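As structure tokens, the structure follows; a few thoughts come after it.
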Amino acid sequence: MSLGVKKLAYDSIIPTHGSDGAVGYDLYSNTSCVIPASKRGIVSTGIAIVLPPGVYGRVAPRSGLAVKHGIQVGAGVIDPDYTGEVKVVLFNHGDKDFEVEKGDRIAQLVLERCETPPIEEINIVEDTERGSG
């Protein structure tokens, strides 16, 4: 099982692990841009991915960017059948514009197992001790 990564530009950066124990793969910006204070923007990574079977990708914030600059990630699910460029939605909750330079680590990609069983309409939902509380 492997994570397939295709560079969409010759200078795109393949995701990396920050350490042997890191769960997320660092995602890198393939462009320079500015995310204005209290606004959002989309940052290109210049890569497309092929996920292993039974896995989806979750784009998560980097803790350093969140703590130091108020940068969060939005729209973070990459479906297994998505084959386009991975782009990252960044929200700048800080009070200063945030400059993204080409090659910056902007987010992390976490692979998570998932199941999508068929939906079955039912007529009864068994009560539990918790109920609707």
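Letters A, B, ... mark the chains of the structure tokens in the order given; residue numbers begin at 1 per chain; ligand numbers begin at 1, in order shown.
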| field | Within 12 Å of Val50 of chain A using only C-alpha atoms, minus same-chain residues under 3 positions, as a count of residues only | value | 23
| Closest to Gly103 of chain A among A:Asp11, A:Glu120, A:Glu126, A:Glu115, using only C-alpha atoms? |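 When distances to Gly103 of chain A are compared using only C-alpha atoms, the smallest one comes from A:Asp11.
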| task | Give the alpha helix (DSSP H) residues of segment 13-98 of chain A, as DSSP finds them on the backbone, and put them as a ChimeraX atom specification. | result | /A:63-69
DSSP strand (DSSP E) residues within chain A, listed as a CSV table (one decimal) with N, CA and C atoms, in the first residue's frame:
chain,number,residue,atom,x,y,z
A,4,GLY,N,0.2,7.5,-3.8
A,4,GLY,CA,0.7,7.9,-5.1
A,4,GLY,C,0.7,9.4,-5.2
A,5,VAL,N,1.8,10.0,-5.6
A,5,VAL,CA,1.9,11.5,-5.7
A,5,VAL,C,2.4,11.8,-7.1
A,6,LYS,N,1.7,12.7,-7.8
A,6,LYS,CA,2.1,13.1,-9.1
A,6,LYS,C,2.4,14.6,-9.1
A,7,LYS,N,3.6,15.0,-9.5
A,7,LYS,CA,3.9,16.4,-9.6
A,7,LYS,C,3.2,17.0,-10.8
A,25,TYR,N,1.5,14.2,6.6
A,25,TYR,CA,2.5,14.5,5.5
A,25,TYR,C,2.4,16.0,5.3
A,26,ASP,N,3.6,16.7,5.4
A,26,ASP,CA,3.6,18.1,5.2
A,26,ASP,C,3.2,18.4,3.7
A,27,LEU,N,2.3,19.4,3.5
A,27,LEU,CA,2.0,19.9,2.2
A,27,LEU,C,2.6,21.2,2.0
A,28,TYR,N,3.2,21.4,0.8
A,28,TYR,CA,3.9,22.6,0.5
A,28,TYR,C,3.2,23.5,-0.6
A,33,CYS,N,1.6,33.9,-2.3
A,33,CYS,CA,0.4,34.6,-2.3
A,33,CYS,C,0.2,35.3,-0.9
A,34,VAL,N,-0.8,36.1,-0.8
A,34,VAL,CA,-1.1,36.7,0.5
A,34,VAL,C,-2.5,36.4,0.9
A,35,ILE,N,-2.7,35.9,2.2
A,35,ILE,CA,-4.0,35.7,2.7
A,35,ILE,C,-4.3,36.9,3.6
A,40,ARG,N,-9.9,34.6,3.6
A,40,ARG,CA,-9.5,33.2,3.2
A,40,ARG,C,-8.9,33.3,1.8
A,41,GLY,N,-8.1,32.2,1.5
A,41,GLY,CA,-7.6,32.1,0.2
A,41,GLY,C,-7.3,30.6,-0.1
A,42,ILE,N,-7.1,30.3,-1.4
A,42,ILE,CA,-6.8,29.0,-1.8
A,42,ILE,C,-5.3,28.9,-2.3
A,43,VAL,N,-4.6,28.0,-1.8
A,43,VAL,CA,-3.2,27.8,-2.1
A,43,VAL,C,-2.9,26.5,-2.9
A,44,SER,N,-2.3,26.6,-4.0
A,44,SER,CA,-1.9,25.5,-4.8
A,44,SER,C,-0.8,24.7,-4.2
A,45,THR,N,-0.8,23.4,-4.3
A,45,THR,CA,0.3,22.5,-3.9
A,45,THR,C,1.1,22.0,-5.1
A,46,GLY,N,0.4,22.0,-6.3
A,46,GLY,CA,1.1,21.5,-7.5
A,46,GLY,C,1.2,20.0,-7.5
A,47,ILE,N,0.4,19.3,-6.8
A,47,ILE,CA,0.4,17.8,-6.8
A,47,ILE,C,-1.0,17.3,-6.9
A,48,ALA,N,-1.1,16.0,-7.4
A,48,ALA,CA,-2.3,15.2,-7.4
A,48,ALA,C,-1.9,14.0,-6.7
A,49,ILE,N,-2.9,13.3,-6.0
A,49,ILE,CA,-2.6,12.1,-5.3
A,49,ILE,C,-3.5,11.0,-5.6
A,50,VAL,N,-3.0,9.8,-5.4
A,50,VAL,CA,-3.9,8.6,-5.5
A,50,VAL,C,-3.8,7.9,-4.2
A,55,VAL,N,-9.2,4.5,2.0
A,55,VAL,CA,-8.6,5.6,2.7
A,55,VAL,C,-9.1,6.9,2.1
A,56,TYR,N,-9.3,7.9,2.9
A,56,TYR,CA,-9.5,9.3,2.4
A,56,TYR,C,-8.5,10.2,3.0
A,57,GLY,N,-8.3,11.3,2.4
A,57,GLY,CA,-7.3,12.3,2.9
A,57,GLY,C,-8.0,13.4,3.7
A,58,ARG,N,-7.4,13.8,4.8
A,58,ARG,CA,-7.9,14.9,5.5
A,58,ARG,C,-6.8,16.0,5.6
A,59,VAL,N,-7.1,17.1,5.1
A,59,VAL,CA,-6.1,18.2,5.1
A,59,VAL,C,-6.3,19.0,6.4
A,60,ALA,N,-5.3,19.0,7.2
A,60,ALA,CA,-5.4,19.5,8.6
A,60,ALA,C,-4.4,20.7,8.7
A,71,ILE,N,-3.7,30.8,11.5
A,71,ILE,CA,-4.1,30.2,10.2
A,71,ILE,C,-4.7,28.9,10.4
A,72,GLN,N,-5.9,28.7,9.9
A,72,GLN,CA,-6.7,27.4,10.0
A,72,GLN,C,-6.9,26.9,8.5
A,73,VAL,N,-7.3,25.7,8.5
A,73,VAL,CA,-7.6,25.0,7.2
A,73,VAL,C,-9.1,24.7,7.1
A,74,GLY,N,-9.6,24.9,5.9
A,74,GLY,CA,-11.0,24.6,5.7
A,74,GLY,C,-11.2,23.6,4.5
A,77,VAL,N,-11.5,17.6,3.3
A,77,VAL,CA,-11.7,16.2,2.9
A,77,VAL,C,-11.3,16.0,1.4
A,78,ILE,N,-10.4,15.0,1.2
A,78,ILE,CA,-10.1,14.6,-0.2
A,78,ILE,C,-10.6,13.2,-0.4
A,85,GLU,N,-5.8,18.6,-8.7
A,85,GLU,CA,-4.8,19.1,-7.9
A,85,GLU,C,-5.3,19.3,-6.5
A,86,VAL,N,-4.4,19.0,-5.5
A,86,VAL,CA,-4.7,19.2,-4.1
A,86,VAL,C,-4.5,20.7,-3.9
A,87,LYS,N,-5.5,21.4,-3.4
A,87,LYS,CA,-5.4,22.8,-3.1
A,87,LYS,C,-5.8,22.9,-1.6
A,88,VAL,N,-5.3,23.9,-0.9
A,88,VAL,CA,-5.6,24.1,0.5
A,88,VAL,C,-6.3,25.4,0.7
A,89,VAL,N,-7.4,25.4,1.4
A,89,VAL,CA,-8.1,26.6,1.8
A,89,VAL,C,-7.6,27.0,3.1
A,90,LEU,N,-7.0,28.2,3.1
A,90,LEU,CA,-6.5,28.8,4.4
A,90,LEU,C,-7.3,29.9,4.8
A,91,PHE,N,-7.7,29.9,6.1
A,91,PHE,CA,-8.4,31.0,6.8
A,91,PHE,C,-7.4,31.8,7.7
A,92,ASN,N,-7.3,33.1,7.5
A,92,ASN,CA,-6.5,33.9,8.3
A,92,ASN,C,-7.3,34.5,9.4
A,98,PHE,N,-1.1,37.4,6.0
A,98,PHE,CA,-0.2,36.3,6.1
A,98,PHE,C,0.4,36.0,4.7
A,99,GLU,N,1.7,36.1,4.6
A,99,GLU,CA,2.4,35.9,3.3
A,99,GLU,C,2.8,34.4,3.2
A,100,VAL,N,2.4,33.8,2.1
A,100,VAL,CA,2.7,32.4,1.8
A,100,VAL,C,3.8,32.5,0.7
A,105,ARG,N,5.6,25.2,4.1
A,105,ARG,CA,4.7,24.1,4.5
A,105,ARG,C,3.4,24.8,5.0
A,106,ILE,N,2.3,24.4,4.4
A,106,ILE,CA,1.1,25.2,4.6
A,106,ILE,C,0.0,24.4,5.3
A,107,ALA,N,0.1,23.1,5.3
A,107,ALA,CA,-0.9,22.2,5.9
A,107,ALA,C,-0.3,20.8,6.0
A,108,GLN,N,-1.1,19.9,6.6
A,108,GLN,CA,-0.6,18.5,6.6
A,108,GLN,C,-1.8,17.6,6.1
A,109,LEU,N,-1.4,16.5,5.4
A,109,LEU,CA,-2.3,15.5,4.9
A,109,LEU,C,-2.3,14.3,5.8
A,110,VAL,N,-3.4,14.0,6.4
A,110,VAL,CA,-3.5,12.8,7.2
A,110,VAL,C,-4.4,11.8,6.5
A,111,LEU,N,-3.9,10.6,6.4
A,111,LEU,CA,-4.7,9.5,5.8
A,111,LEU,C,-5.5,8.8,6.8
A,112,GLU,N,-6.8,8.7,6.5
A,112,GLU,CA,-7.7,8.0,7.5
A,112,GLU,C,-8.5,6.9,6.8
A,113,ARG,N,-8.7,5.8,7.5
A,113,ARG,CA,-9.5,4.7,7.0
A,113,ARG,C,-11.0,5.1,7.0
| remark: Using only C-alpha atoms, the residue out of A:Thr128, A:Cys114, A:Val23, A:Pro36 with shortest distance to Pro52 of chain A is A:Cys114
| At what distance in Å, to one decimal, does atom CA of Lys102 of chain A lie from atom CA of Ser32 of chain A? | 4.8 Å
| With only C-alpha atoms as the atoms that count, which of A:Lys39, A:Arg130, A:Ala66, A:Val125 lies nearest to Asp97 of chain A? |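 The answer is A:Lys39, which sits nearest to Asp97 of chain A.
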